[in-house]
Amino acid sequence: MVTVDRARVMAFRVAALGLAERVDRRPADLPVLDLGVQEYMPGSQRVALAARTSADLDDDRLITVWAARGAPHLHRRADLAALVKQLWPVGDADATARIKSGQIPEGMRLGVAAFSATAAAFREVVTDSMPRDVVSTEVSKRVPRELTYYCRSCGAQHIAGNVWQHSGLAGGVQVESRGRDATLGPIPDAPPQPRANEGIADLITTYLRLLGPATPAELGKYLGSTTAEMKRVWPATGLAEVKVEGRRAWLPESSVDDLAEAAPAEGVRLLPGMDPLLQARDRDLLIPDRAQQKEVWRILGNPGVLLLDGEILGVWRAKAAGRKRVDLTVTSFVPLPAARRKQIEAEAAEVARGRDVPEATVTFT
């Protein structure tokens with residue numbers, strides 16, 4: 001059994017997620033797209049890509065869909081046929097855990113049937129680009145009433161958010177835009193609605209290959225499910241047990257040598273909130289200091305993070321200055337010598353590129 005410390009795991013993840021070296025590859029060719037890149041704030045997906053590649057960030061092979069946890073993620077179009085079956089609940093208990101909502105206690109008990117009904121409603125309603133609120137109204141009319149709740153502010157029954165977004169990919173829906181004028185549209189040549197989960201073992205392996213070593217508990221949190229359900233479908237072969245700081249975890253057998261040989265990356269990256277590196281659920285490993293954790297993962301409005309030589313050592317926030325500039329405020333957890341500040345200022349240009357503006361400024365606090 002391989003035994004490693006947290007520094008080795010961080011080095012492994014940084015490399016696996018494409019953050020050790022910025023390459024010149026189109027976004028869809030980056031390994032991180034095997035897991036997907038979550039959109040947290042407008043433009044955050046592009047900032048995450050800019051941290052990994054110097055190539056043009058536009059790539060028509062990518063599409064934004066509601067994926068893991070029902071959150072909007074950038075994925076390869078070519079991967080959707082497999083992904084939709086991998087993300088389908090593995091059973092009623094899994095579906096109930098993913099729906100978890102105090103608004104619809106009876107609806108939670110419907111299990112997989114809730115996903116099936118909602119996905120079918122999406123396919124009936126979304127035949128063209130449509131405002132999100134119109135889609136919500138029409139889908140709400142077509143699902144079992146137990147999946148809806150009364151919204152006092154608009155005086156209508158609405159489908160609960162968890163089941164709605166968890167079912168979007170199976171319903172053949174893409175996220176075209178977000179915010180006040182949010183729109184949804186049909187996925188061109190969408191894969192058929194699943195009848196059962198297929199390929200959960202492949203999804204688990206992908207998670208472990210990029211965010212491992214990890215456990216069923218962490219995968220359950222990543223998917224919005226439970227430890228018990230993930231233990232039930234945990235692959236019986238192909239995984240190696242690893243000890244991380246004395247704790248048992250698992251990694252694909254094919255990744256063990258990469259873990260054992262991983263070396264800390266050098267340099268600076270400015271990653272957006274909810275970057276794939278931050279999707280791992282063992283937060284004590286990512287950032288051992290609890291006070292620093294609270295700065296990174298907030299109740300509302302997570303900042304971006306400052307990655308220095310492969311360690312998360314600060315946070316940053318951005319403010320648009322018209323269409324020509326973005327102003328960054330960087331708060332480091334460690335002292336920053338002048339040479340390091342210059343590196344951060346240079347890296348800020350990549351944030352500007354991701355946000356499609358020509359210039360970035362940096363203020364240190």
# chains A, B, ... in the order shown; residues from 1 in each chain; ligands from 1

call {"tool": "select_by_dssp", "arguments": {"residues": "segment 141-235 of chain A", "states": "strand (DSSP E)", "output": "PyMOL selection string"}}
result
chain A and resi 148-151+156-159+173-177+183-186

call {"tool": "closest_atom_pairs", "arguments": {"of": "segment 33-59 of chain A", "to": "segment 189-203 of chain A", "cutoff": "12 Å", "atoms": "only C-alpha atoms", "output": "JSON lines"}}
result
{"residue": "A:Asp34", "atom": "CA", "partner": "A:Leu203", "partner_atom": "CA", "distance": 9.2}
{"residue": "A:Leu35", "atom": "CA", "partner": "A:Leu203", "partner_atom": "CA", "distance": 8.3}
{"residue": "A:Gly36", "atom": "CA", "partner": "A:Leu203", "partner_atom": "CA", "distance": 11.4}

call {"tool": "closest_residue", "arguments": {"among": "A:Met1, A:Ala95, A:Ile63, A:Leu270", "to": "Gly107 of chain A", "atoms": "only C-alpha atoms"}}
result
A:Ala95

call {"tool": "closest_residue", "arguments": {"among": "A:Gln165, A:Ser44, A:Thr3, A:Ser225", "to": "Asp356 of chain A", "atoms": "only C-alpha atoms"}}
result
A:Ser44

call {"tool": "select_by_dssp", "arguments": {"residues": "segment 237-290 of chain A", "states": "helix (DSSP H, G or I)", "output": "PyMOL selection string"}}
result
chain A and resi 253-261+276-279+283-286+290

call {"tool": "closest_atom_pairs", "arguments": {"of": "segment 38-108 of chain A", "to": "segment 274-281 of chain A", "cutoff": "9 Å", "atoms": "only C-alpha atoms", "output": "Markdown table"}}
result
| residue | atom | partner | partner_atom | distance |
| --- | --- | --- | --- | --- |
| A:Gln38 | CA | A:Met274 | CA | 6.6 |
| A:Glu39 | CA | A:Met274 | CA | 7.7 |
| A:Tyr40 | CA | A:Met274 | CA | 6.2 |
| A:Ser44 | CA | A:Asp275 | CA | 8.1 |
| A:Gln45 | CA | A:Asp275 | CA | 8.0 |
| A:Ala48 | CA | A:Asp275 | CA | 6.2 |

call {"tool": "residues_around", "arguments": {"residues": "Thr237 of chain A", "least_positions_apart": "3", "cutoff": "10 Å", "atoms": "only C-alpha atoms", "output": "list in words"}}
result
Ala201, Trp234, Ala240, Pro252 and Glu253 of chain A

call {"tool": "residues_around", "arguments": {"residues": "segment 323-328 of chain A", "least_positions_apart": "4", "cutoff": "8 Å", "atoms": "only C-alpha atoms", "output": "JSON, numbers by chain"}}
result
{"A": [316, 317, 318, 319, 348, 352, 357, 358, 359, 360, 361, 362, 363]}

call {"tool": "residues_around", "arguments": {"residues": "Val23 of chain A", "least_positions_apart": "3", "cutoff": "12 Å", "atoms": "only C-alpha atoms", "output": "ChimeraX atom specification"}}
result
/A:15,17-20,26-27,29-31,49-56

call {"tool": "closest_residue", "arguments": {"among": "A:Ala16, A:Glu295, A:Ala68, A:Asp309", "to": "Gln86 of chain A", "atoms": "only C-alpha atoms"}}
result
A:Ala68

call {"tool": "closest_residue", "arguments": {"among": "A:Pro235, A:Gly224, A:Pro272, A:Gly212", "to": "Arg6 of chain A", "atoms": "only C-alpha atoms"}}
result
A:Gly212

call {"tool": "atom_distance", "arguments": {"atom1": "atom CA of Phe122 of chain A", "atom2": "atom CA of Gly220 of chain A"}}
result
26.0 Å

call {"tool": "residues_around", "arguments": {"residues": "Leu239 of chain A", "least_positions_apart": "6", "cutoff": "12 Å", "atoms": "only C-alpha atoms", "output": "JSON, numbers by chain"}}
result
{"A": [1, 201, 202, 204, 205, 206, 208, 209, 212, 213, 214, 215, 249, 250, 251, 252, 253, 254, 255, 256]}

call {"tool": "write_last_selection", "arguments": {"atoms": "C-alpha atoms", "output": "compact mmCIF listing (two decimals), in the first residue's frame"}}
result
# COMPACT_ATOMS: atom_id res chain seq x y z
CA MET A 1 0.00 0.00 0.00
CA ALA A 201 -17.95 3.07 -12.00
CA ASP A 202 -16.43 5.10 -14.84
CA ILE A 204 -16.10 7.28 -9.89
CA THR A 205 -12.81 6.45 -11.59
CA THR A 206 -12.75 9.84 -13.32
CA LEU A 208 -10.56 9.65 -8.33
CA ARG A 209 -8.18 10.18 -11.25
CA GLY A 212 -8.21 11.40 -5.58
CA PRO A 213 -7.20 9.71 -3.45
CA ALA A 214 -10.72 9.93 -2.04
CA THR A 215 -13.46 7.93 -0.33
CA ALA A 249 -8.58 6.40 0.48
CA TRP A 250 -8.67 5.08 -3.07
CA LEU A 251 -7.11 5.89 -6.41
CA PRO A 252 -7.23 4.22 -9.84
CA GLU A 253 -4.46 1.66 -10.08
CA SER A 254 -3.24 3.43 -13.22
CA SER A 255 -2.64 6.64 -11.21
CA VAL A 256 -0.59 5.19 -8.34
